[in-house]
>>> print(open('coords.txt').read())   # compact mmCIF, C-alpha atoms
# COMPACT_ATOMS: atom_id res chain seq x y z
CA MET A 86 76.24 104.06 117.53
CA ALA A 87 77.13 107.67 116.97
CA THR A 88 76.50 109.12 113.53
CA ILE A 89 78.64 107.71 110.74
CA PRO A 90 80.81 110.86 110.53
CA GLU A 91 81.30 110.78 114.32
CA ALA A 92 82.19 107.08 114.26
CA LEU A 93 84.64 107.63 111.40
CA ASN A 94 86.23 110.55 113.19
CA LEU A 95 86.72 108.50 116.35
CA ALA A 96 88.00 105.55 114.30
CA LEU A 97 90.55 107.82 112.60
CA GLN A 98 91.72 109.08 115.98
CA HIS A 99 92.29 105.49 117.09
CA HIS A 100 93.94 104.63 113.76
CA ARG A 101 96.37 107.57 113.92
CA ALA A 102 97.22 106.70 117.52
CA GLY A 103 98.04 103.12 116.53
CA ARG A 104 95.03 101.61 118.28
CA LEU A 105 94.19 99.46 115.28
CA PRO A 106 91.74 97.02 116.92
CA GLU A 107 89.62 99.92 118.18
CA ALA A 108 89.73 101.62 114.78
CA GLU A 109 88.88 98.39 112.98
CA ALA A 110 85.87 97.76 115.23
CA LEU A 111 84.51 101.23 114.46
CA TYR A 112 85.11 100.91 110.70
CA ARG A 113 83.20 97.63 110.80
CA LYS A 114 80.33 99.31 112.68
CA VAL A 115 80.19 101.97 109.97
CA LEU A 116 80.04 99.21 107.36
CA GLN A 117 77.24 97.49 109.25
CA ALA A 118 75.25 100.70 109.07
CA GLN A 119 76.32 101.55 105.51
CA PRO A 120 77.89 98.54 103.72
CA SER A 121 78.95 100.63 100.73
CA HIS A 122 80.89 103.31 102.60
CA PRO A 123 84.04 103.78 100.50
CA GLY A 124 85.98 105.58 103.24
CA ALA A 125 85.43 102.84 105.79
CA LEU A 126 86.34 100.15 103.24
CA HIS A 127 89.51 102.01 102.30
CA LEU A 128 90.57 102.51 105.91
CA LEU A 129 89.82 98.91 106.81
CA GLY A 130 92.09 98.02 103.90
CA MET A 131 94.80 100.24 105.31
CA ILE A 132 94.61 98.46 108.65
CA ALA A 133 94.95 95.13 106.82
CA TYR A 134 98.01 96.56 105.04
CA GLN A 135 99.53 97.76 108.29
CA VAL A 136 99.23 94.32 109.87
CA GLY A 137 100.69 92.56 106.82
CA LYS A 138 97.46 91.21 105.32
CA HIS A 139 98.19 92.63 101.89
CA GLU A 140 95.78 90.48 99.87
CA VAL A 141 92.95 91.49 102.22
CA ALA A 142 94.01 95.12 101.89
CA VAL A 143 93.80 94.86 98.10
CA GLU A 144 90.25 93.56 98.28
CA TYR A 145 89.00 96.29 100.62
CA VAL A 146 90.65 99.13 98.71
CA LYS A 147 89.45 97.76 95.37
CA GLN A 148 85.91 97.81 96.77
CA ALA A 149 86.39 101.44 97.84
CA ILE A 150 87.64 102.34 94.35
CA ALA A 151 84.71 100.56 92.72
CA LEU A 152 82.39 102.77 94.79
CA ASN A 153 84.35 105.99 94.27
CA PRO A 154 87.03 105.77 91.57
CA SER A 155 87.88 109.47 91.68
CA VAL A 156 89.69 109.47 95.05
CA ALA A 157 93.43 109.78 94.45
CA GLU A 158 94.28 108.54 97.95
CA PHE A 159 92.53 105.21 97.29
CA HIS A 160 94.61 104.66 94.15
CA ASN A 161 97.84 105.76 95.82
CA ASN A 162 97.33 103.39 98.72
CA LEU A 163 96.33 100.50 96.47
CA GLY A 164 99.48 101.17 94.46
CA THR A 165 101.50 101.01 97.67
CA VAL A 166 99.95 97.67 98.61
CA TYR A 167 100.67 96.31 95.14
CA LEU A 168 104.30 97.42 95.57
CA GLU A 169 104.50 95.31 98.73
CA LEU A 170 103.10 92.38 96.75
CA ASP A 171 105.72 93.02 94.02
CA GLN A 172 102.98 93.55 91.45
CA VAL A 173 104.76 96.39 89.70
CA GLU A 174 102.38 96.79 86.76
CA MET A 175 99.33 97.13 89.02
CA ALA A 176 101.21 99.43 91.37
CA SER A 177 102.25 101.65 88.48
CA ARG A 178 98.72 101.74 87.10
CA HIS A 179 97.21 102.91 90.39
CA LEU A 180 99.98 105.37 91.27
CA ASN A 181 99.67 106.96 87.84
CA THR A 182 95.89 107.10 88.23
CA ALA A 183 96.35 108.85 91.57
CA LEU A 184 98.55 111.45 89.86
CA GLN A 185 96.11 111.90 87.00
CA LEU A 186 93.39 112.59 89.55
CA GLN A 187 95.58 114.81 91.71
CA PRO A 188 98.90 115.90 90.12
CA ASP A 189 99.91 117.79 93.27
CA TYR A 190 99.77 114.65 95.46
CA ALA A 191 103.26 114.52 97.00
CA GLU A 192 102.90 111.01 98.45
CA ALA A 193 101.87 109.57 95.09
CA GLN A 194 104.84 111.30 93.45
CA TYR A 195 107.10 109.77 96.10
CA ASN A 196 105.60 106.28 95.79
CA LEU A 197 105.89 106.34 92.01
CA ALA A 198 109.50 107.50 92.37
CA ASN A 199 110.20 104.53 94.66
CA LEU A 200 108.71 102.16 92.09
CA LEU A 201 110.79 103.70 89.30
CA ARG A 202 113.99 103.62 91.38
CA ASN A 203 113.40 99.93 92.13
CA GLU A 204 112.93 99.34 88.41
CA GLY A 205 116.29 101.00 87.67
CA LYS A 206 114.72 104.09 86.07
CA SER A 207 116.74 106.57 88.09
CA GLU A 208 116.21 109.65 85.91
CA GLU A 209 112.44 109.29 86.06
CA ALA A 210 112.60 108.47 89.76
CA ALA A 211 114.67 111.58 90.48
CA ALA A 212 112.14 113.74 88.65
CA HIS A 213 109.29 112.38 90.77
CA TYR A 214 111.26 112.77 94.02
CA ARG A 215 111.96 116.38 93.04
CA LYS A 216 108.28 116.94 92.32
CA ALA A 217 107.35 115.45 95.70
CA ILE A 218 109.82 117.79 97.39
CA GLU A 219 108.50 120.76 95.42
CA LEU A 220 104.99 119.92 96.59
CA LYS A 221 106.01 119.13 100.16
CA PRO A 222 109.30 120.89 101.04
CA ASP A 223 109.55 119.15 104.43
CA TYR A 224 109.42 115.63 102.92
CA ALA A 225 112.48 114.10 104.57
CA ALA A 226 111.99 110.64 103.04
CA ALA A 227 111.87 112.14 99.54
CA TYR A 228 115.16 113.98 100.16
CA ASN A 229 116.73 110.76 101.45
CA ASN A 230 115.55 108.66 98.51
CA LEU A 231 116.55 111.35 96.03
CA GLY A 232 119.98 111.14 97.65
CA LEU A 233 120.02 107.37 97.10
CA THR A 234 119.00 107.86 93.49
CA LEU A 235 121.67 110.51 92.88
CA HIS A 236 124.30 108.34 94.54
CA SER A 237 123.39 105.47 92.19
CA GLN A 238 123.85 107.90 89.29
CA GLY A 239 127.41 108.65 90.40
CA LYS A 240 126.58 112.05 91.90
CA PRO A 241 127.82 111.69 95.48
CA ALA A 242 128.08 115.42 96.25
CA GLU A 243 124.45 115.99 95.26
CA ALA A 244 123.44 112.89 97.22
CA VAL A 245 125.17 114.22 100.36
CA ALA A 246 123.31 117.51 100.09
CA HIS A 247 119.99 115.68 99.99
CA TYR A 248 120.85 113.41 102.92
CA GLN A 249 121.81 116.50 104.88
CA LYS A 250 118.52 118.17 104.01
CA ALA A 251 116.65 115.06 105.16
CA LEU A 252 118.56 115.19 108.45
CA ALA A 253 117.93 118.91 108.88
CA LEU A 254 114.22 118.12 108.65
CA MET A 255 114.40 114.95 110.77
CA PRO A 256 117.55 114.82 112.90
CA ALA A 257 116.85 111.30 114.19
CA TYR A 258 116.34 109.83 110.69
CA ALA A 259 118.51 106.71 111.04
CA GLU A 260 118.39 105.71 107.37
CA ALA A 261 119.56 109.15 106.24
CA HIS A 262 122.40 109.03 108.80
CA ASN A 263 123.38 105.61 107.47
CA ASN A 264 123.25 106.80 103.85
CA LEU A 265 125.28 109.88 104.65
CA GLY A 266 127.88 107.70 106.36
>>> encode(input="coords.txt", output="structure tokens")
Amino acid sequence: MATIPEALNLALQHHRAGRLPEAEALYRKVLQAQPSHPGALHLLGMIAYQVGKHEVAVEYVKQAIALNPSVAEFHNNLGTVYLELDQVEMASRHLNTALQLQPDYAEAQYNLANLLRNEGKSEEAAAHYRKAIELKPDYAAAYNNLGLTLHSQGKPAEAVAHYQKALALMPAYAEAHNNLG
């Protein structure tokens, strides 16, 4: 096997390209060489999440967090998995931990906003969507979901502006087209 960093790099290339079986095999090789590698555990968990094995994903990412609790991405992704499992309290706990560790983490801001919107807390959700957009001005999904939130608050003109911004960033964004319609 190549060095662990080389194997992880190659695995990430496969992962990003959607070649999940190849990525998984390499993550497992890393774990054979170093069973307590938090990055490989986390990424193996993300593959499990991507293929719908959410309970397995939770276990892998929890192991990664136990080994390195200060990585915001681990907490954000575990929060996202918990959202899929409809475990709102656990999702909130990990998303908030991610933001405590890294307040400028746009994806965690966005994920927490989604949780809050689903819980009917539209004012708080809007604030987190705005923060995500402030941190990542090209975040089309955050503009779209802020539009949804504003629409639910009875602010259709503001919602339209955000859908249009999402579409300016991503012209083929079907959900934003639908929401604008």
>>> residues_around(input="coords.txt", residues="Tyr258 of chain A", least_positions_apart="4", cutoff="10 Å", atoms="all atoms listed in the file", output="VMD selection string")
chain A and resid 225 to 226 229 248 251 to 254 262 to 263
>>> closest_atom_pairs(input="coords.txt", of="segment 192-225 of chain A", to="segment 147-157 of chain A", cutoff="12 Å", atoms="all atoms listed in the file", output="CSV")
residue,atom,partner,partner_atom,distance
A:Glu192,CA,A:Ala157,CA,10.4
A:Ala193,CA,A:Ala157,CA,8.5
A:Gln194,CA,A:Ala157,CA,11.6
>>> closest_residue(input="coords.txt", among="A:Ala110, A:Ala118, A:Ala92, A:Val166", to="Met131 of chain A", atoms="only C-alpha atoms")
A:Val166
>>> residues_around(input="coords.txt", residues="segment 168-183 of chain A", least_positions_apart="2", cutoff="9 Å", atoms="all atoms listed in the file", output="list in words")
His139, Glu140, Ser155, Val156, Ala157, Glu158, Phe159, His160, Asn161, Asn162, Leu163, Gly164, Thr165, Val166, Gln185, Leu186, Gln187, Pro188, Tyr190, Ala193, Gln194, Asn196, Leu197, Leu200, Leu201 and Glu204 of chain A
>>> closest_residue(input="coords.txt", among="A:Glu219, A:Tyr167, A:His236, A:Gln117", to="Lys138 of chain A", atoms="all atoms listed in the file")
A:Tyr167
>>> closest_residue(input="coords.txt", among="A:Leu116, A:Ala142, A:Met255, A:Ala210", to="Leu231 of chain A", atoms="only C-alpha atoms")
A:Ala210
>>> residues_around(input="coords.txt", residues="Leu220 of chain A", least_positions_apart="4", cutoff="8 Å", atoms="only C-alpha atoms", output="compact mmCIF listing (two decimals) with C-alpha atoms, keeping the file's coordinate frame")
# COMPACT_ATOMS: atom_id res chain seq x y z
CA ASP A 189 99.91 117.79 93.27
CA TYR A 190 99.77 114.65 95.46
CA ALA A 191 103.26 114.52 97.00
CA LYS A 216 108.28 116.94 92.32
>>> decode(input="coords.txt", residues="segment 113-233 of chain A", atoms="C-alpha atoms", output="PDB file, in the first residue's frame")
ATOM      1  CA  ARG A 113     -10.593   0.266   4.770  1.00  0.00           C
ATOM      2  CA  LYS A 114      -6.946  -0.305   3.816  1.00  0.00           C
ATOM      3  CA  VAL A 115      -6.002   2.819   5.756  1.00  0.00           C
ATOM      4  CA  LEU A 116      -7.923   1.463   8.750  1.00  0.00           C
ATOM      5  CA  GLN A 117      -6.141  -1.878   8.452  1.00  0.00           C
ATOM      6  CA  ALA A 118      -2.841  -0.047   8.703  1.00  0.00           C
ATOM      7  CA  GLN A 119      -4.041   2.438  11.336  1.00  0.00           C
ATOM      8  CA  PRO A 120      -7.324   1.323  12.976  1.00  0.00           C
ATOM      9  CA  SER A 121      -7.728   4.609  14.846  1.00  0.00           C
ATOM     10  CA  HIS A 122      -7.472   6.962  11.873  1.00  0.00           C
ATOM     11  CA  PRO A 123     -10.256   9.502  12.481  1.00  0.00           C
ATOM     12  CA  GLY A 124     -10.280  10.805   8.903  1.00  0.00           C
ATOM     13  CA  ALA A 125     -10.726   7.371   7.370  1.00  0.00           C
ATOM     14  CA  LEU A 126     -13.471   6.510   9.889  1.00  0.00           C
ATOM     15  CA  HIS A 127     -15.274   9.764   9.150  1.00  0.00           C
ATOM     16  CA  LEU A 128     -15.078   9.306   5.394  1.00  0.00           C
ATOM     17  CA  LEU A 129     -16.187   5.691   5.613  1.00  0.00           C
ATOM     18  CA  GLY A 130     -19.157   7.028   7.557  1.00  0.00           C
ATOM     19  CA  MET A 131     -19.877   9.516   4.805  1.00  0.00           C
ATOM     20  CA  ILE A 132     -19.940   6.737   2.230  1.00  0.00           C
ATOM     21  CA  ALA A 133     -22.394   4.830   4.443  1.00  0.00           C
ATOM     22  CA  TYR A 134     -24.519   7.996   4.600  1.00  0.00           C
ATOM     23  CA  GLN A 135     -24.408   8.439   0.839  1.00  0.00           C
ATOM     24  CA  VAL A 136     -25.657   4.901   0.239  1.00  0.00           C
ATOM     25  CA  GLY A 137     -28.456   5.225   2.808  1.00  0.00           C
ATOM     26  CA  LYS A 138     -26.872   3.267   5.659  1.00  0.00           C
ATOM     27  CA  HIS A 139     -27.463   6.023   8.188  1.00  0.00           C
ATOM     28  CA  GLU A 140     -27.081   3.958  11.358  1.00  0.00           C
ATOM     29  CA  VAL A 141     -23.714   2.671  10.100  1.00  0.00           C
ATOM     30  CA  ALA A 142     -22.714   6.234   9.254  1.00  0.00           C
ATOM     31  CA  VAL A 143     -23.511   7.342  12.806  1.00  0.00           C
ATOM     32  CA  GLU A 144     -21.267   4.657  14.252  1.00  0.00           C
ATOM     33  CA  TYR A 145     -18.278   5.480  12.047  1.00  0.00           C
ATOM     34  CA  VAL A 146     -18.534   9.237  12.561  1.00  0.00           C
ATOM     35  CA  LYS A 147     -19.013   8.829  16.312  1.00  0.00           C
ATOM     36  CA  GLN A 148     -15.791   6.803  16.369  1.00  0.00           C
ATOM     37  CA  ALA A 149     -14.003   9.593  14.480  1.00  0.00           C
ATOM     38  CA  ILE A 150     -15.315  12.168  16.966  1.00  0.00           C
ATOM     39  CA  ALA A 151     -14.225  10.039  19.911  1.00  0.00           C
ATOM     40  CA  LEU A 152     -10.702  10.062  18.461  1.00  0.00           C
ATOM     41  CA  ASN A 153     -10.693  13.752  17.530  1.00  0.00           C
ATOM     42  CA  PRO A 154     -13.586  15.747  19.000  1.00  0.00           C
ATOM     43  CA  SER A 155     -12.283  19.108  17.814  1.00  0.00           C
ATOM     44  CA  VAL A 156     -13.021  18.646  14.089  1.00  0.00           C
ATOM     45  CA  ALA A 157     -16.043  20.763  13.149  1.00  0.00           C
ATOM     46  CA  GLU A 158     -16.630  18.813   9.921  1.00  0.00           C
ATOM     47  CA  PHE A 159     -17.127  15.572  11.868  1.00  0.00           C
ATOM     48  CA  HIS A 160     -19.805  17.187  14.037  1.00  0.00           C
ATOM     49  CA  ASN A 161     -21.485  18.879  11.075  1.00  0.00           C
ATOM     50  CA  ASN A 162     -21.697  15.641   9.143  1.00  0.00           C
ATOM     51  CA  LEU A 163     -22.925  13.666  12.146  1.00  0.00           C
ATOM     52  CA  GLY A 164     -25.582  16.338  12.635  1.00  0.00           C
ATOM     53  CA  THR A 165     -26.612  15.905   9.010  1.00  0.00           C
ATOM     54  CA  VAL A 166     -26.919  12.136   9.439  1.00  0.00           C
ATOM     55  CA  TYR A 167     -28.997  12.623  12.574  1.00  0.00           C
ATOM     56  CA  LEU A 168     -31.274  14.961  10.592  1.00  0.00           C
ATOM     57  CA  GLU A 169     -31.869  12.147   8.102  1.00  0.00           C
ATOM     58  CA  LEU A 170     -32.728   9.871  11.019  1.00  0.00           C
ATOM     59  CA  ASP A 171     -35.124  12.544  12.361  1.00  0.00           C
ATOM     60  CA  GLN A 172     -33.163  12.743  15.607  1.00  0.00           C
ATOM     61  CA  VAL A 173     -33.486  16.491  15.930  1.00  0.00           C
ATOM     62  CA  GLU A 174     -31.973  16.875  19.395  1.00  0.00           C
ATOM     63  CA  MET A 175     -28.808  14.978  18.435  1.00  0.00           C
ATOM     64  CA  ALA A 176     -28.602  16.813  15.126  1.00  0.00           C
ATOM     65  CA  SER A 177     -28.897  20.162  16.882  1.00  0.00           C
ATOM     66  CA  ARG A 178     -26.267  19.207  19.440  1.00  0.00           C
ATOM     67  CA  HIS A 179     -23.688  18.289  16.803  1.00  0.00           C
ATOM     68  CA  LEU A 180     -24.442  21.185  14.457  1.00  0.00           C
ATOM     69  CA  ASN A 181     -24.098  23.623  17.340  1.00  0.00           C
ATOM     70  CA  THR A 182     -20.849  21.945  18.386  1.00  0.00           C
ATOM     71  CA  ALA A 183     -19.554  22.344  14.834  1.00  0.00           C
ATOM     72  CA  LEU A 184     -20.341  26.065  15.010  1.00  0.00           C
ATOM     73  CA  GLN A 185     -18.731  26.427  18.419  1.00  0.00           C
ATOM     74  CA  LEU A 186     -15.583  24.859  17.009  1.00  0.00           C
ATOM     75  CA  GLN A 187     -15.714  26.835  13.765  1.00  0.00           C
ATOM     76  CA  PRO A 188     -18.184  29.771  13.720  1.00  0.00           C
ATOM     77  CA  ASP A 189     -17.315  30.589  10.106  1.00  0.00           C
ATOM     78  CA  TYR A 190     -18.393  27.145   8.832  1.00  0.00           C
ATOM     79  CA  ALA A 191     -20.972  27.985   6.153  1.00  0.00           C
ATOM     80  CA  GLU A 192     -22.237  24.423   5.701  1.00  0.00           C
ATOM     81  CA  ALA A 193     -22.906  24.033   9.424  1.00  0.00           C
ATOM     82  CA  GLN A 194     -24.761  27.364   9.428  1.00  0.00           C
ATOM     83  CA  TYR A 195     -26.847  26.108   6.491  1.00  0.00           C
ATOM     84  CA  ASN A 196     -27.550  22.712   8.064  1.00  0.00           C
ATOM     85  CA  LEU A 197     -28.587  24.287  11.357  1.00  0.00           C
ATOM     86  CA  ALA A 198     -30.835  26.674   9.423  1.00  0.00           C
ATOM     87  CA  ASN A 199     -32.493  23.702   7.712  1.00  0.00           C
ATOM     88  CA  LEU A 200     -33.105  22.067  11.079  1.00  0.00           C
ATOM     89  CA  LEU A 201     -34.590  25.271  12.492  1.00  0.00           C
ATOM     90  CA  ARG A 202     -36.795  25.826   9.423  1.00  0.00           C
ATOM     91  CA  ASN A 203     -38.116  22.270   9.734  1.00  0.00           C
ATOM     92  CA  GLU A 204     -38.867  22.960  13.392  1.00  0.00           C
ATOM     93  CA  GLY A 205     -40.879  26.066  12.447  1.00  0.00           C
ATOM     94  CA  LYS A 206     -38.299  28.498  13.842  1.00  0.00           C
ATOM     95  CA  SER A 207     -38.182  30.668  10.746  1.00  0.00           C
ATOM     96  CA  GLU A 208     -36.579  33.767  12.279  1.00  0.00           C
ATOM     97  CA  GLU A 209     -33.657  31.769  13.637  1.00  0.00           C
ATOM     98  CA  ALA A 210     -33.415  29.794  10.406  1.00  0.00           C
ATOM     99  CA  ALA A 211     -33.290  32.987   8.330  1.00  0.00           C
ATOM    100  CA  ALA A 212     -30.472  34.331  10.495  1.00  0.00           C
ATOM    101  CA  HIS A 213     -28.409  31.179   9.939  1.00  0.00           C
ATOM    102  CA  TYR A 214     -29.094  31.154   6.182  1.00  0.00           C
ATOM    103  CA  ARG A 215     -27.954  34.781   6.052  1.00  0.00           C
ATOM    104  CA  LYS A 216     -24.804  33.904   7.975  1.00  0.00           C
ATOM    105  CA  ALA A 217     -24.105  31.019   5.589  1.00  0.00           C
ATOM    106  CA  ILE A 218     -24.495  33.394   2.645  1.00  0.00           C
ATOM    107  CA  GLU A 219     -22.266  35.979   4.310  1.00  0.00           C
ATOM    108  CA  LEU A 220     -19.587  33.326   4.747  1.00  0.00           C
ATOM    109  CA  LYS A 221     -20.067  31.797   1.304  1.00  0.00           C
ATOM    110  CA  PRO A 222     -21.616  34.352  -1.093  1.00  0.00           C
ATOM    111  CA  ASP A 223     -22.006  31.779  -3.884  1.00  0.00           C
ATOM    112  CA  TYR A 224     -24.109  29.397  -1.749  1.00  0.00           C
ATOM    113  CA  ALA A 225     -27.070  28.864  -4.079  1.00  0.00           C
ATOM    114  CA  ALA A 226     -28.849  26.385  -1.795  1.00  0.00           C
ATOM    115  CA  ALA A 227     -28.721  28.858   1.095  1.00  0.00           C
ATOM    116  CA  TYR A 228     -30.287  31.573  -1.083  1.00  0.00           C
ATOM    117  CA  ASN A 229     -33.002  29.141  -2.174  1.00  0.00           C
ATOM    118  CA  ASN A 230     -33.805  27.997   1.352  1.00  0.00           C
ATOM    119  CA  LEU A 231     -33.729  31.552   2.662  1.00  0.00           C
ATOM    120  CA  GLY A 232     -36.289  32.280  -0.053  1.00  0.00           C
ATOM    121  CA  LEU A 233     -38.452  29.410   1.208  1.00  0.00           C
TER     122      LEU A 233
END
